[in-house]
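Report on one structure; see the data block that follows.
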Amino acid sequence: MAALVNPGITKLVGNTPLLRVRLFEREFPRLEVYAKAEWFNPGGSVKDRAALAMIEDGERRGALTKDRTIIDSTSGNTGIAYALMGAAKGYRVKLVMPGNVSAERKALVMAYGAEIVYSDAGEGSDGAIRMVRDLVAGDPDAYFYPDQYSNPANPRAHYEGTAVEILEQTDKRITHFVAGLGTTGTFVGTSRRLKEHDASIKTIAIEPDDSFHGLEGLKHLPTAIVPRIWDPSLADEVWGCPTEPAYALARTVARAEGLLVGHSSGAVLWAVRKLATAIHEGVVVTVFPDSGDRYISTGLYGARPR
Ligand SMILES: Cc1ncc(COP(=O)(O)O)c(C=O)c1O
């Protein structure tokens, strides 16, 4: 094969750019802020890393074979990632989603040929988890159920990928790591590797500040089914982010820097600013899980920044 030809779309997962974020530079000139631009993954989000790792782990263990359907519950991005990887590798994909996920997400998943089963919107991601467990229990041999909330291959993708990339891209200068909690895979895997490298690196995990929130992709752990992969010992701090300030920061960073990011990136920016007021200097790295174009129909950019 010619050297310039990529052998396939799954090989494009990871190695995302680390972007300098200048939003807080005037206020905190001695603070460097960087973000992993995870929408550069082929499926458009950080979840490509976990989905590919869990599927390839299933293939290695023999748990995933061509006669089985990949099934999981997902608030959207993991579903898009499974749907893409399934199409690329030749597997059927069935996804259980709360009925209220954004229109763009449903359309994307269907474009890759995956099937959607809707769970009760009022029960959120936990309702989807309960429904997928029932479906698998009803016909266990028909499915490969990666269970992103319990599968060690999810954080391992970040332990072996995201964290190693961050250390290389910052020339090992990172002092603080900030990330949102969904399945907790990004935070747990990345923080574990960073702390093994240098125990003085501080880690801050971000969840919504309330069980009723608008931060799609993030989980309010005190009121949710706690993911089995969650390891609270890796978090120096866990902060609850309010929805509106996160939305406002997502709008601001789009207009001020040309970075069109999703709700959960607004949430980590809220946390970076809060951290900045405490530390004033350092090398802070965060993760922007997806792009704002996934949320146009939610009205995220409908209002002017305040
Ligand atoms: C938009 C968005 N942000 C953040 C996250 C959290 O990532 P993780 O599941 O690795 O905790 C997700 C996960 O689904 C997501 O979709």
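We label chains A, B, ... in the order they appear in the structure tokens, count residues from 1 in each chain, and number ligands from 1 in the order shown.
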Query raised in the report: Neighbours of Leu108 (chain A) within 7 Å (only C-alpha atoms; same-chain residues fewer than 4 positions away dropped), as number ranges by chain?
Result: A: 80, 104, 112
Report task. Find the residues near Gly76 (chain A): any atom within 12 Å, counting only C-alpha atoms, skip ones fewer than 6 places away on the same chain, and give them as number ranges by chain. Result -> A: 43-48, 82-83, 95-110, 116, 118, 124-125, 128, 182, 216-218, 290, 294-295
Report task. Name all residues at most 6 Å from region 33-37 of chain A (count only C-alpha atoms; drop same-chain ones fewer than 2 positions away) and give them as number ranges by chain. Result -> A: 16-21, 39, 284-288
Query raised in the report: Which protein, DNA or RNA residues have an atom within 10 Å of ligand 1, counting only C-alpha atoms and all ligand atoms, as a ChimeraX atom specification?
Result: /A:38-39,45-47,49-50,74-80,148-149,154-155,157-158,179-190,205-207,215-219,227,229-230,261-268,287-292,294-295
Query - In region 49-262 of chain A, DSSP strand (DSSP E) residues written as a ChimeraX atom specification - result: /A:69-73,92-98,115-119,143-144,176-180,202-208,237-241
Requested in this report: Skip Lys202 (chain A) itself and residues of its chain fewer than 5 positions away, then list as a ChimeraX atom specification all residues within 12 Å of it, counting only C-alpha atoms.
Outcome: /A:174-179,187,190-192,194-197,233-238,275,279,282-286
Okay, now the selection with N, CA, C and O atoms, as a compact mmCIF listing (two decimals), in the first residue's frame?
# COMPACT_ATOMS: atom_id res chain seq x y z
N ILE A 174 2.41 19.29 32.10
CA ILE A 174 1.07 19.38 32.69
C ILE A 174 1.13 19.37 34.23
O ILE A 174 1.83 18.56 34.82
N THR A 175 0.36 20.31 34.83
CA THR A 175 0.27 20.35 36.30
C THR A 175 -1.13 20.00 36.79
O THR A 175 -1.30 19.54 37.92
N HIS A 176 -2.17 20.25 35.95
CA HIS A 176 -3.55 19.99 36.36
C HIS A 176 -4.32 19.39 35.20
O HIS A 176 -4.16 19.83 34.05
N PHE A 177 -5.18 18.40 35.52
CA PHE A 177 -6.04 17.79 34.51
C PHE A 177 -7.50 17.94 34.93
O PHE A 177 -7.86 17.66 36.08
N VAL A 178 -8.32 18.44 34.00
CA VAL A 178 -9.75 18.68 34.26
C VAL A 178 -10.56 17.92 33.22
O VAL A 178 -10.32 18.07 32.02
N ALA A 179 -11.54 17.11 33.67
CA ALA A 179 -12.40 16.43 32.69
C ALA A 179 -13.77 16.15 33.27
O ALA A 179 -13.92 15.98 34.49
N PHE A 187 -11.92 10.43 32.41
CA PHE A 187 -11.26 10.95 33.61
C PHE A 187 -10.42 9.87 34.29
O PHE A 187 -9.25 10.10 34.64
N THR A 190 -7.28 8.56 32.04
CA THR A 190 -6.26 9.59 31.85
C THR A 190 -5.60 9.93 33.18
O THR A 190 -4.37 10.00 33.27
N SER A 191 -6.41 10.13 34.23
CA SER A 191 -5.85 10.51 35.54
C SER A 191 -4.94 9.42 36.09
O SER A 191 -3.89 9.71 36.68
N ARG A 192 -5.35 8.16 35.90
CA ARG A 192 -4.53 7.04 36.44
C ARG A 192 -3.13 7.11 35.85
O ARG A 192 -2.12 7.05 36.57
N LEU A 194 -1.64 9.71 34.34
CA LEU A 194 -0.94 10.96 34.68
C LEU A 194 -0.37 10.88 36.09
O LEU A 194 0.76 11.29 36.35
N LYS A 195 -1.14 10.33 37.03
CA LYS A 195 -0.67 10.25 38.42
C LYS A 195 0.43 9.21 38.59
O LYS A 195 1.32 9.39 39.43
N GLU A 196 0.39 8.13 37.78
CA GLU A 196 1.51 7.18 37.82
C GLU A 196 2.79 7.85 37.32
O GLU A 196 3.87 7.62 37.85
N HIS A 197 2.62 8.72 36.32
CA HIS A 197 3.79 9.43 35.78
C HIS A 197 4.34 10.43 36.80
O HIS A 197 5.55 10.53 37.01
N SER A 233 -10.75 7.58 44.07
CA SER A 233 -9.43 7.88 44.64
C SER A 233 -8.55 8.64 43.65
O SER A 233 -7.53 9.22 44.05
N LEU A 234 -8.93 8.66 42.37
CA LEU A 234 -8.11 9.36 41.37
C LEU A 234 -8.45 10.84 41.26
O LEU A 234 -7.74 11.59 40.58
N ALA A 235 -9.51 11.29 41.94
CA ALA A 235 -9.94 12.69 41.82
C ALA A 235 -9.52 13.48 43.05
O ALA A 235 -9.94 13.18 44.17
N ASP A 236 -8.67 14.49 42.83
CA ASP A 236 -8.34 15.38 43.95
C ASP A 236 -9.55 16.22 44.31
O ASP A 236 -9.73 16.59 45.47
N GLU A 237 -10.35 16.56 43.31
CA GLU A 237 -11.57 17.34 43.54
C GLU A 237 -12.66 16.81 42.61
O GLU A 237 -12.37 16.38 41.49
N VAL A 238 -13.93 16.90 43.05
CA VAL A 238 -15.08 16.69 42.16
C VAL A 238 -15.96 17.92 42.31
O VAL A 238 -16.40 18.23 43.42
N LEU A 275 -10.71 26.91 38.71
CA LEU A 275 -9.37 26.48 39.11
C LEU A 275 -8.38 27.64 39.00
O LEU A 275 -7.54 27.85 39.89
N ILE A 279 -5.35 28.92 41.55
CA ILE A 279 -3.92 28.60 41.37
C ILE A 279 -3.15 29.69 40.63
O ILE A 279 -1.94 29.78 40.76
N GLY A 282 0.13 27.72 36.11
CA GLY A 282 0.22 26.27 35.91
C GLY A 282 -0.04 25.92 34.46
O GLY A 282 -0.25 26.81 33.62
N VAL A 283 0.01 24.62 34.19
CA VAL A 283 -0.27 24.12 32.83
C VAL A 283 -1.48 23.19 32.96
O VAL A 283 -1.37 22.06 33.43
N VAL A 284 -2.63 23.73 32.58
CA VAL A 284 -3.90 23.02 32.76
C VAL A 284 -4.30 22.38 31.44
O VAL A 284 -4.33 23.04 30.40
N VAL A 285 -4.61 21.08 31.50
CA VAL A 285 -5.09 20.38 30.30
C VAL A 285 -6.51 19.88 30.57
O VAL A 285 -6.79 19.31 31.62
N THR A 286 -7.39 20.11 29.59
CA THR A 286 -8.73 19.58 29.69
C THR A 286 -9.10 18.86 28.39
O THR A 286 -8.28 18.77 27.47
